[in-house]
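J.: This is data13.tsv (TSV, C-alpha atoms).
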chain	number	residue	atom	x	y	z
Q	11	MET	CA	-45.10	1.85	12.75
Q	12	VAL	CA	-43.98	-1.49	14.30
Q	13	ASP	CA	-45.75	-4.84	14.24
Q	14	ALA	CA	-46.53	-5.78	17.86
Q	15	ARG	CA	-45.92	-9.48	17.27
Q	16	SER	CA	-42.66	-9.42	15.37
Q	17	GLY	CA	-41.20	-6.06	16.41
Q	18	SER	CA	-40.36	-5.37	12.76
Q	19	PRO	CA	-41.40	-2.29	10.80
Q	20	ARG	CA	-44.86	-2.47	9.29
Q	21	PRO	CA	-45.93	-0.51	6.22
Q	22	GLU	CA	-47.86	2.62	6.92
Q	23	PRO	CA	-51.61	2.39	6.19
Q	24	VAL	CA	-52.34	3.11	2.54
Q	25	THR	CA	-55.65	4.31	1.17
Q	26	GLU	CA	-55.87	3.78	-2.56
Q	27	PRO	CA	-56.98	7.09	-4.15
Q	28	VAL	CA	-58.42	5.41	-7.21
Q	29	ALA	CA	-60.95	7.66	-8.90
Q	30	ASP	CA	-62.71	4.89	-10.80
Q	31	LEU	CA	-63.14	2.87	-7.61
Q	32	ALA	CA	-64.74	5.89	-5.95
Q	33	GLU	CA	-67.05	6.29	-8.92
Q	34	ALA	CA	-67.98	2.63	-8.53
Q	35	GLY	CA	-68.92	3.24	-4.90
Q	36	LEU	CA	-65.87	1.44	-3.50
Q	37	ARG	CA	-62.94	2.27	-1.27
Q	38	LEU	CA	-59.81	0.16	-0.77
Q	39	GLU	CA	-57.52	0.51	2.24
Q	40	VAL	CA	-54.39	-1.61	2.64
Q	41	ASP	CA	-52.63	-1.72	6.02
Q	42	GLY	CA	-49.81	-4.25	5.99
Q	43	ALA	CA	-51.32	-7.73	5.73
Q	44	VAL	CA	-54.93	-6.49	5.91
Q	45	ALA	CA	-56.95	-5.08	3.02
Q	46	THR	CA	-60.32	-3.48	3.75
Q	47	VAL	CA	-62.83	-3.12	0.92
Q	48	VAL	CA	-65.60	-0.67	1.71
Q	49	LEU	CA	-68.91	-0.43	-0.16
Q	50	ASP	CA	-69.19	3.33	-0.14
Q	51	ARG	CA	-72.54	4.56	-1.43
Q	52	PRO	CA	-74.25	5.14	1.92
Q	53	GLU	CA	-76.79	7.50	0.41
Q	54	ARG	CA	-78.04	4.53	-1.67
Q	55	ARG	CA	-77.58	1.95	1.11
Q	56	ASN	CA	-74.59	0.74	-0.93
Q	57	ALA	CA	-76.77	-0.43	-3.80
Q	58	MET	CA	-74.56	-2.16	-6.35
Q	59	THR	CA	-74.04	-1.39	-10.02
Q	60	PHE	CA	-72.13	-3.00	-12.86
Q	61	ALA	CA	-69.30	-0.61	-11.99
Q	62	THR	CA	-69.32	-1.89	-8.40
Q	63	TRP	CA	-68.90	-5.50	-9.47
Q	64	ARG	CA	-66.22	-4.66	-12.02
Q	65	GLY	CA	-64.45	-2.56	-9.40
Q	66	LEU	CA	-64.47	-5.50	-7.01
Q	67	ALA	CA	-62.90	-7.65	-9.72
Q	68	ARG	CA	-60.24	-5.00	-10.28
Q	69	ILE	CA	-59.44	-5.00	-6.56
Q	70	GLY	CA	-59.07	-8.77	-6.59
Q	71	ARG	CA	-56.59	-8.57	-9.45
Q	72	SER	CA	-54.50	-5.82	-7.88
Q	73	LEU	CA	-54.08	-6.73	-4.20
Q	74	PRO	CA	-50.43	-6.61	-3.10
Q	75	PRO	CA	-48.82	-9.96	-2.25
Q	76	GLN	CA	-48.43	-9.21	1.47
Q	77	VAL	CA	-52.22	-9.20	2.01
Q	78	ARG	CA	-53.35	-12.14	4.15
Q	79	VAL	CA	-56.81	-11.01	5.27
Q	80	VAL	CA	-59.45	-9.12	3.28
Q	81	VAL	CA	-62.33	-7.47	5.16
Q	82	LEU	CA	-65.46	-6.31	3.34
Q	83	ARG	CA	-67.58	-3.62	4.99
Q	84	GLY	CA	-70.47	-1.34	4.12
Q	85	GLU	CA	-70.46	2.39	4.88
Q	86	GLY	CA	-73.55	3.83	6.54
Q	87	PRO	CA	-76.65	2.04	7.85
Q	88	SER	CA	-76.44	-1.05	5.60
Q	89	PHE	CA	-73.91	-3.47	4.18
Q	90	SER	CA	-75.71	-3.42	0.83
Q	91	ALA	CA	-79.28	-3.12	-0.40
Q	92	GLY	CA	-78.39	-5.24	-3.45
Q	93	ILE	CA	-78.73	-4.34	-7.09
Q	94	ASP	CA	-79.33	-0.68	-7.88
Q	95	LEU	CA	-82.81	-0.81	-9.37
Q	96	SER	CA	-81.99	2.07	-11.73
Q	97	MET	CA	-80.08	-0.45	-13.83
Q	98	PHE	CA	-83.36	-2.01	-14.93
Q	99	SER	CA	-84.12	1.22	-16.81
Q	100	GLY	CA	-80.57	2.00	-17.91
Q	101	GLY	CA	-80.38	4.77	-15.34
Q	102	SER	CA	-76.75	3.92	-14.60
Q	103	GLY	CA	-75.84	4.41	-18.26
Q	104	GLU	CA	-75.84	0.66	-18.85
Q	105	SER	CA	-78.70	-1.80	-18.70
Q	106	LEU	CA	-79.03	-5.53	-18.18
Q	107	PRO	CA	-78.54	-7.59	-21.36
Q	108	ASP	CA	-81.72	-8.95	-22.92
Q	109	GLY	CA	-80.26	-12.43	-23.44
Q	110	SER	CA	-80.81	-12.43	-27.19
Q	111	ASP	CA	-77.10	-13.01	-27.80
Q	112	PHE	CA	-76.26	-15.91	-25.49
Q	113	ALA	CA	-72.49	-15.72	-25.85
Q	114	ALA	CA	-72.37	-11.98	-25.24
Q	115	SER	CA	-74.73	-12.23	-22.26
Q	116	ASP	CA	-72.71	-15.12	-20.84
Q	117	ALA	CA	-69.48	-13.13	-21.10
Q	118	PHE	CA	-71.17	-10.08	-19.56
Q	119	ILE	CA	-72.34	-11.99	-16.49
Q	120	ALA	CA	-69.00	-13.82	-16.16
Q	121	GLY	CA	-67.29	-10.44	-15.95
Q	122	LEU	CA	-69.54	-9.44	-13.07
Q	123	GLN	CA	-69.01	-12.77	-11.29
Q	124	GLU	CA	-65.27	-12.10	-11.27
Q	125	GLY	CA	-65.98	-9.48	-8.60
Q	126	TYR	CA	-66.93	-12.37	-6.31
Q	127	THR	CA	-64.84	-15.39	-7.32
Q	128	TRP	CA	-61.50	-13.93	-6.22
Q	129	LEU	CA	-62.71	-13.93	-2.62
Q	130	ARG	CA	-62.22	-17.73	-2.55
Q	131	ASP	CA	-58.50	-17.39	-3.37
Q	132	PRO	CA	-56.47	-19.44	-0.83
Q	133	ARG	CA	-53.84	-16.68	-0.63
Q	134	PHE	CA	-55.99	-14.80	1.88
Q	135	VAL	CA	-58.91	-15.25	4.25
Q	136	THR	CA	-61.94	-13.09	3.48
Q	137	VAL	CA	-64.21	-11.70	6.18
Q	138	ALA	CA	-67.60	-10.03	5.60
Q	139	ALA	CA	-68.52	-7.55	8.33
Q	140	ILE	CA	-72.25	-7.27	7.73
Q	141	HIS	CA	-74.92	-5.08	9.26
Q	142	GLY	CA	-78.31	-3.67	8.36
Q	143	HIS	CA	-79.64	-4.69	4.94
Q	144	VAL	CA	-77.69	-7.47	3.19
Q	145	ILE	CA	-79.83	-8.01	0.12
Q	146	GLY	CA	-79.43	-9.84	-3.19
Q	147	GLY	CA	-76.00	-9.10	-4.61
Q	148	GLY	CA	-74.93	-7.93	-1.16
Q	149	PHE	CA	-76.01	-11.25	0.36
Q	150	GLN	CA	-74.10	-13.09	-2.35
Q	151	LEU	CA	-71.02	-10.97	-1.63
Q	152	ALA	CA	-71.19	-11.99	2.02
Q	153	LEU	CA	-71.65	-15.65	0.99
Q	154	ALA	CA	-68.54	-15.40	-1.19
Q	155	CYS	CA	-66.44	-14.64	1.90
Q	156	ASP	CA	-64.90	-17.28	4.13
Q	157	ILE	CA	-66.27	-15.92	7.41
Q	158	ARG	CA	-69.24	-13.67	8.14
Q	159	VAL	CA	-69.36	-11.51	11.27
Q	160	ALA	CA	-72.87	-10.08	11.63
Q	161	ALA	CA	-74.29	-7.27	13.71
Q	162	ASP	CA	-77.52	-8.09	15.51
Q	163	ASP	CA	-79.44	-5.70	13.23
Q	164	VAL	CA	-78.62	-7.68	10.09
Q	165	LYS	CA	-81.37	-8.44	7.54
Q	166	LEU	CA	-80.44	-11.05	4.92
Q	167	CYS	CA	-82.54	-11.62	1.81
Q	168	MET	CA	-82.03	-13.32	-1.56
Q	169	LYS	CA	-84.21	-10.91	-3.52
Q	170	GLU	CA	-83.46	-11.83	-7.14
Q	171	PRO	CA	-86.35	-14.28	-7.78
Q	172	ALA	CA	-88.82	-11.64	-6.57
Q	173	LEU	CA	-87.40	-9.36	-9.30
Q	174	GLY	CA	-87.80	-12.05	-11.96
Q	175	LEU	CA	-84.10	-12.95	-11.91
Q	176	VAL	CA	-81.95	-15.73	-10.47
Q	177	PRO	CA	-79.03	-15.25	-8.08
Q	178	ASP	CA	-76.12	-15.20	-10.54
Q	179	LEU	CA	-73.25	-13.67	-8.57
Q	180	THR	CA	-71.87	-17.02	-7.34
Q	181	GLY	CA	-74.22	-17.19	-4.34
Q	182	THR	CA	-76.16	-20.37	-5.07
Q	183	LYS	CA	-73.27	-22.78	-4.40
Q	184	PRO	CA	-72.28	-21.50	-0.94
Q	185	LEU	CA	-75.92	-21.06	0.04
Q	186	VAL	CA	-76.71	-24.72	-0.74
Q	187	GLU	CA	-73.49	-25.88	0.91
Q	188	ILE	CA	-74.37	-23.98	4.09
Q	189	VAL	CA	-78.12	-24.57	4.48
Q	190	GLY	CA	-78.92	-27.45	2.10
Q	191	VAL	CA	-81.05	-27.50	-1.05
Q	192	ASN	CA	-84.45	-27.45	0.63
Q	193	ARG	CA	-83.74	-24.48	2.89
Q	194	ALA	CA	-82.03	-22.66	0.03
Q	195	LEU	CA	-85.16	-23.14	-2.09
Q	196	GLU	CA	-87.33	-21.78	0.70
Q	197	LEU	CA	-85.11	-18.73	1.25
Q	198	CYS	CA	-84.78	-17.88	-2.44
Q	199	LEU	CA	-88.32	-18.58	-3.62
Q	200	THR	CA	-89.98	-16.70	-0.79
Q	201	ALA	CA	-87.37	-13.91	-0.80
Q	202	ARG	CA	-88.01	-13.59	2.92
Q	203	THR	CA	-85.80	-11.77	5.39
Q	204	VAL	CA	-83.49	-13.70	7.71
Q	205	LEU	CA	-82.60	-11.94	10.96
Q	206	ALA	CA	-79.45	-12.34	13.03
Q	207	ASP	CA	-80.51	-15.19	15.32
Q	208	GLU	CA	-81.72	-17.35	12.44
Q	209	ALA	CA	-78.67	-16.44	10.34
Q	210	GLN	CA	-76.40	-17.77	13.06
Q	211	ARG	CA	-78.54	-20.87	13.56
Q	212	LEU	CA	-78.46	-21.67	9.83
Q	213	GLY	CA	-74.72	-21.04	9.57
Q	214	LEU	CA	-75.10	-17.92	7.42
Q	215	ALA	CA	-73.16	-15.98	10.06
Q	216	GLU	CA	-70.33	-17.50	12.06
Q	217	ILE	CA	-70.32	-14.71	14.65
Q	218	VAL	CA	-73.17	-12.39	15.75
Q	219	VAL	CA	-72.48	-9.38	17.96
Q	220	PRO	CA	-74.27	-6.18	19.02
Q	221	ARG	CA	-74.12	-3.49	16.34
Q	222	ASP	CA	-71.75	-1.33	18.34
Q	223	GLY	CA	-69.42	-4.30	18.83
Q	224	LEU	CA	-68.99	-5.19	15.16
Q	225	ASP	CA	-65.71	-3.34	14.60
Q	226	ASP	CA	-64.11	-4.81	17.73
Q	227	ALA	CA	-65.26	-8.34	16.84
Q	228	VAL	CA	-63.81	-8.06	13.35
Q	229	ALA	CA	-60.53	-6.64	14.69
Q	230	GLU	CA	-60.25	-9.52	17.16
Q	231	LEU	CA	-60.94	-12.08	14.42
Q	232	VAL	CA	-58.40	-10.50	12.08
Q	233	GLY	CA	-55.78	-10.58	14.83
Q	234	SER	CA	-56.42	-14.28	15.40
Q	235	LEU	CA	-56.20	-15.03	11.68
Q	236	LEU	CA	-52.90	-13.18	11.34
Q	237	ALA	CA	-51.45	-15.10	14.32
Q	238	VAL	CA	-51.56	-18.35	12.32
Q	239	ASN	CA	-48.57	-19.39	10.22
Q	240	PRO	CA	-49.11	-17.84	6.73
Q	241	GLY	CA	-48.17	-20.97	4.79
Q	242	ALA	CA	-50.35	-23.19	6.95
Q	243	ALA	CA	-53.27	-20.79	6.52
Q	244	VAL	CA	-53.03	-20.88	2.71
Q	245	ALA	CA	-52.65	-24.66	2.60
Q	246	THR	CA	-55.52	-25.24	5.03
Q	247	LYS	CA	-57.92	-22.98	3.14
Q	248	ARG	CA	-56.99	-24.72	-0.10
Q	249	LEU	CA	-57.58	-28.10	1.56
Q	250	LEU	CA	-60.96	-27.15	3.01
Q	251	LEU	CA	-62.16	-25.68	-0.29
Q	252	GLU	CA	-61.46	-29.02	-1.97
Q	253	ALA	CA	-63.19	-31.08	0.71
Q	254	THR	CA	-66.82	-30.83	-0.40
Q	255	GLY	CA	-66.02	-32.00	-3.92
Q	256	ASN	CA	-63.67	-34.81	-2.92
Q	257	THR	CA	-64.30	-38.39	-1.95
Q	258	LEU	CA	-62.73	-39.47	1.34
Q	259	GLU	CA	-59.92	-41.14	-0.59
Q	260	GLU	CA	-59.29	-37.98	-2.61
Q	261	GLN	CA	-59.35	-35.81	0.49
Q	262	CYS	CA	-56.93	-38.10	2.30
Q	263	ALA	CA	-54.56	-37.76	-0.66
Q	264	ALA	CA	-55.02	-33.97	-0.62
Q	265	GLU	CA	-54.18	-33.88	3.10
Q	266	ARG	CA	-51.00	-35.87	2.47
Q	267	ARG	CA	-49.99	-33.57	-0.39
Q	268	GLU	CA	-50.53	-30.39	1.62
Q	269	GLN	CA	-48.78	-31.78	4.71
Q	270	ILE	CA	-45.75	-32.88	2.71
Q	271	GLY	CA	-45.58	-29.37	1.29
Q	272	ARG	CA	-45.67	-27.89	4.79
Q	273	LEU	CA	-43.00	-30.29	6.06
Q	274	ARG	CA	-40.71	-29.37	3.17
Q	275	GLU	CA	-41.20	-25.65	3.76
Q	276	MET	CA	-40.58	-25.97	7.51
Q	277	ALA	CA	-37.43	-28.02	6.91
Q	278	GLU	CA	-36.17	-25.41	4.44
Q	279	ALA	CA	-36.86	-22.64	6.96
Q	280	ARG	CA	-34.84	-24.52	9.60
Q	281	ARG	CA	-31.92	-24.92	7.21
Q	282	GLN	CA	-31.94	-21.23	6.39
Q	283	GLY	CA	-32.56	-20.11	9.98
Could you render the structure as structure tokens?

T.:
Amino acid sequence: MVDARSGSPRPEPVTEPVADLAEAGLRLEVDGAVATVVLDRPERRNAMTFATWRGLARIGRSLPPQVRVVVLRGEGPSFSAGIDLSMFSGGSGESLPDGSDFAASDAFIAGLQEGYTWLRDPRFVTVAAIHGHVIGGGFQLALACDIRVAADDVKLCMKEPALGLVPDLTGTKPLVEIVGVNRALELCLTARTVLADEAQRLGLAEIVVPRDGLDDAVAELVGSLLAVNPGAAVATKRLLLEATGNTLEEQCAAERREQIGRLREMAEARRQG
């Protein structure tokens, strides 16, 4: 197989036959610079378990260095219906901690959050291809990604408060950054459903397309992302992630630092080329 842009050989598509990922309801496919993570419990609308979140963390730790874009998808009619409610009764073989041991409970939740935090890594751009139900932990997974491409049948909902919980899978920060505190309060404390048009208007989806056009829209976006210089992409994502927490002076300094790094790398490439 040959890369159309460079004319150089490209690695053959690889599907990771990892039994424990399959048991966690996940599938990982790596094709050159693109990794696709599939939530693969369609019979349960990709409801998520502790094993799912730990499997996501394992994927984040094991991606090969050539990966530049990560796409998250859901198999079947939904991206994800959120937490598998059987976990409330220990039906998955493991139940939620009761909070009596704060340190143990804190470590337990931190381990689950790791399934989401790696998606912010500047080494790659993460794209959520969402359709159907995108509930609770599924909504937070989409929020953890850099770009969300939504089908027009999407139904977003932050369900946790309605279940007596709080959103604890890293979703509160991006939600507030995208829609503001007041709208985030309204969405979370009513646990109402947000449809595609409103999701795009609020900035919860960057791109909305007809359901049958989702795959093509994602493929087009991935192609555009891969066309950008790899080093510039990493540096720019790193720079943008810093922006909301920086003062203008700090961000100006960050821009200078990143640009100097790019200039050095480009000069080195010219010397070697």

J.: Dump as a VMD selection string all residues having an atom at most 6 Å from (-70.5, -9.9, 8.1), computed in the file's coordinates with all atoms listed in the file.

T.: chain Q and resid 138 to 140 158 to 160

J.: Of the candidates Q:Ile93, Q:Asn56, Q:Glu104, Q:Leu31, which one gets nearest to Phe118 of chain Q if we count all atoms listed in the file?

T.: Q:Glu104

J.: Between Q:Arg51, Q:Arg202, Q:His143, Q:Arg281, which has the minimum distance to Gly92 of chain Q (counting only C-alpha atoms)?

T.: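 Using only C-alpha atoms, the shortest distance to Gly92 of chain Q belongs to Q:His143.
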
J.: In terms of the shortest atom-to-atom distance over all atoms listed in the file, which of Q:Arg68, Q:Lys165, Q:His141, Q:Arg267 is closest to Leu122 of chain Q?

T.: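 Among the listed residues, the smallest separation from Leu122 of chain Q belongs to Q:Arg68.
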
J.: Each residue of segment 54-100 of chain Q lying at most 10 Å from segment 220-239 of chain Q should get a row with its shortest atom-to-atom pair and the distance in Å to one decimal, counting all atoms listed in the file; could you produce that, ordered by chain and increasing number, as JSON lines?

T.:
{"residue": "Q:Arg78", "atom": "CA", "partner": "Q:Leu236", "partner_atom": "CA", "distance": 7.3}
{"residue": "Q:Val79", "atom": "CA", "partner": "Q:Val232", "partner_atom": "CA", "distance": 7.0}
{"residue": "Q:Val80", "atom": "CA", "partner": "Q:Val232", "partner_atom": "CA", "distance": 9.0}
{"residue": "Q:Val81", "atom": "CA", "partner": "Q:Val228", "partner_atom": "CA", "distance": 8.3}
{"residue": "Q:Arg83", "atom": "CA", "partner": "Q:Asp225", "partner_atom": "CA", "distance": 9.8}

J.: Dump C-alpha atoms for the selected residues as a PDB file, in the frame of the given file?

T.:
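What landed in again05.pdb:
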ATOM      1  CA  ARG Q  78     -53.350 -12.140   4.150  1.00  0.00           C
ATOM      2  CA  VAL Q  79     -56.810 -11.010   5.270  1.00  0.00           C
ATOM      3  CA  VAL Q  80     -59.450  -9.120   3.280  1.00  0.00           C
ATOM      4  CA  VAL Q  81     -62.330  -7.470   5.160  1.00  0.00           C
ATOM      5  CA  ARG Q  83     -67.580  -3.620   4.990  1.00  0.00           C
TER       6      ARG Q  83
END

J.: If you measure from atom CA of Ile270 of chain Q to atom CA of Asn256 of chain Q, what distance in Å do you get, rounded to one decimal?

T.: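 We find that atom CA of Ile270 of chain Q and atom CA of Asn256 of chain Q lie 18.9 Å from each other.
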
J.: Could you add whatever atoms are missing so that segment 152-163 of chain Q carries all heavy atoms, then write the result as a JSON list (two decimals), keeping the file's coordinate frame?

T.:
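out-v7.json written:
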[["chain", "number", "residue", "atom", "x", "y", "z"],
["Q", 152, "ALA", "N", -71.50, -11.43, 0.71],
["Q", 152, "ALA", "CA", -71.19, -11.99, 2.02],
["Q", 152, "ALA", "C", -70.98, -13.50, 1.94],
["Q", 152, "ALA", "O", -70.07, -14.05, 2.58],
["Q", 152, "ALA", "CB", -72.32, -11.67, 3.00],
["Q", 153, "LEU", "N", -71.80, -14.20, 1.14],
["Q", 153, "LEU", "CA", -71.65, -15.65, 0.99],
["Q", 153, "LEU", "C", -70.35, -16.02, 0.31],
["Q", 153, "LEU", "O", -69.83, -17.13, 0.52],
["Q", 153, "LEU", "CB", -72.83, -16.20, 0.17],
["Q", 153, "LEU", "CG", -74.18, -16.27, 0.88],
["Q", 153, "LEU", "CD1", -75.28, -16.58, -0.13],
["Q", 153, "LEU", "CD2", -74.17, -17.29, 2.00],
["Q", 154, "ALA", "N", -69.80, -15.12, -0.51],
["Q", 154, "ALA", "CA", -68.54, -15.40, -1.19],
["Q", 154, "ALA", "C", -67.35, -15.35, -0.24],
["Q", 154, "ALA", "O", -66.28, -15.86, -0.57],
["Q", 154, "ALA", "CB", -68.32, -14.39, -2.33],
["Q", 155, "CYS", "N", -67.53, -14.76, 0.94],
["Q", 155, "CYS", "CA", -66.44, -14.64, 1.90],
["Q", 155, "CYS", "C", -66.33, -15.91, 2.75],
["Q", 155, "CYS", "O", -67.28, -16.67, 2.90],
["Q", 155, "CYS", "CB", -66.67, -13.43, 2.79],
["Q", 155, "CYS", "SG", -66.51, -11.85, 1.91],
["Q", 156, "ASP", "N", -65.16, -16.09, 3.33],
["Q", 156, "ASP", "CA", -64.90, -17.28, 4.13],
["Q", 156, "ASP", "C", -65.63, -17.25, 5.47],
["Q", 156, "ASP", "O", -66.10, -18.27, 5.96],
["Q", 156, "ASP", "CB", -63.39, -17.42, 4.39],
["Q", 156, "ASP", "CG", -62.60, -17.55, 3.11],
["Q", 156, "ASP", "OD1", -63.03, -18.32, 2.23],
["Q", 156, "ASP", "OD2", -61.55, -16.90, 2.99],
["Q", 157, "ILE", "N", -65.69, -16.07, 6.08],
["Q", 157, "ILE", "CA", -66.27, -15.92, 7.41],
["Q", 157, "ILE", "C", -67.15, -14.68, 7.42],
["Q", 157, "ILE", "O", -66.76, -13.63, 6.90],
["Q", 157, "ILE", "CB", -65.17, -15.78, 8.49],
["Q", 157, "ILE", "CG1", -64.22, -16.99, 8.46],
["Q", 157, "ILE", "CG2", -65.77, -15.61, 9.88],
["Q", 157, "ILE", "CD1", -62.99, -16.83, 9.34],
["Q", 158, "ARG", "N", -68.33, -14.81, 8.04],
["Q", 158, "ARG", "CA", -69.24, -13.67, 8.14],
["Q", 158, "ARG", "C", -69.42, -13.31, 9.61],
["Q", 158, "ARG", "O", -69.82, -14.16, 10.42],
["Q", 158, "ARG", "CB", -70.60, -14.02, 7.50],
["Q", 158, "ARG", "CG", -70.55, -14.06, 5.99],
["Q", 158, "ARG", "CD", -71.69, -14.85, 5.39],
["Q", 158, "ARG", "NE", -71.59, -16.26, 5.72],
["Q", 158, "ARG", "CZ", -70.78, -17.11, 5.10],
["Q", 158, "ARG", "NH1", -70.00, -16.70, 4.12],
["Q", 158, "ARG", "NH2", -70.72, -18.39, 5.46],
["Q", 159, "VAL", "N", -69.12, -12.06, 9.94],
["Q", 159, "VAL", "CA", -69.36, -11.51, 11.27],
["Q", 159, "VAL", "C", -70.53, -10.54, 11.13],
["Q", 159, "VAL", "O", -70.46, -9.57, 10.38],
["Q", 159, "VAL", "CB", -68.13, -10.77, 11.81],
["Q", 159, "VAL", "CG1", -68.40, -10.27, 13.23],
["Q", 159, "VAL", "CG2", -66.90, -11.67, 11.78],
["Q", 160, "ALA", "N", -71.63, -10.83, 11.83],
["Q", 160, "ALA", "CA", -72.87, -10.08, 11.63],
["Q", 160, "ALA", "C", -73.23, -9.28, 12.87],
["Q", 160, "ALA", "O", -73.12, -9.76, 14.00],
["Q", 160, "ALA", "CB", -74.02, -11.03, 11.30],
["Q", 161, "ALA", "N", -73.69, -8.05, 12.64],
["Q", 161, "ALA", "CA", -74.29, -7.27, 13.71],
["Q", 161, "ALA", "C", -75.70, -7.80, 13.97],
["Q", 161, "ALA", "O", -76.32, -8.42, 13.09],
["Q", 161, "ALA", "CB", -74.35, -5.80, 13.32],
["Q", 162, "ASP", "N", -76.20, -7.54, 15.16],
["Q", 162, "ASP", "CA", -77.52, -8.09, 15.51],
["Q", 162, "ASP", "C", -78.68, -7.38, 14.81],
["Q", 162, "ASP", "O", -79.83, -7.78, 14.99],
["Q", 162, "ASP", "CB", -77.72, -8.10, 17.02],
["Q", 162, "ASP", "CG", -77.56, -6.72, 17.66],
["Q", 162, "ASP", "OD1", -77.42, -5.72, 16.92],
["Q", 162, "ASP", "OD2", -77.57, -6.65, 18.90],
["Q", 163, "ASP", "N", -78.38, -6.35, 13.99],
["Q", 163, "ASP", "CA", -79.44, -5.70, 13.23],
["Q", 163, "ASP", "C", -79.48, -6.16, 11.77],
["Q", 163, "ASP", "O", -80.17, -5.58, 10.94],
["Q", 163, "ASP", "CB", -79.27, -4.17, 13.26],
["Q", 163, "ASP", "CG", -78.01, -3.69, 12.53],
["Q", 163, "ASP", "OD1", -77.13, -4.53, 12.22],
["Q", 163, "ASP", "OD2", -77.90, -2.48, 12.26]]
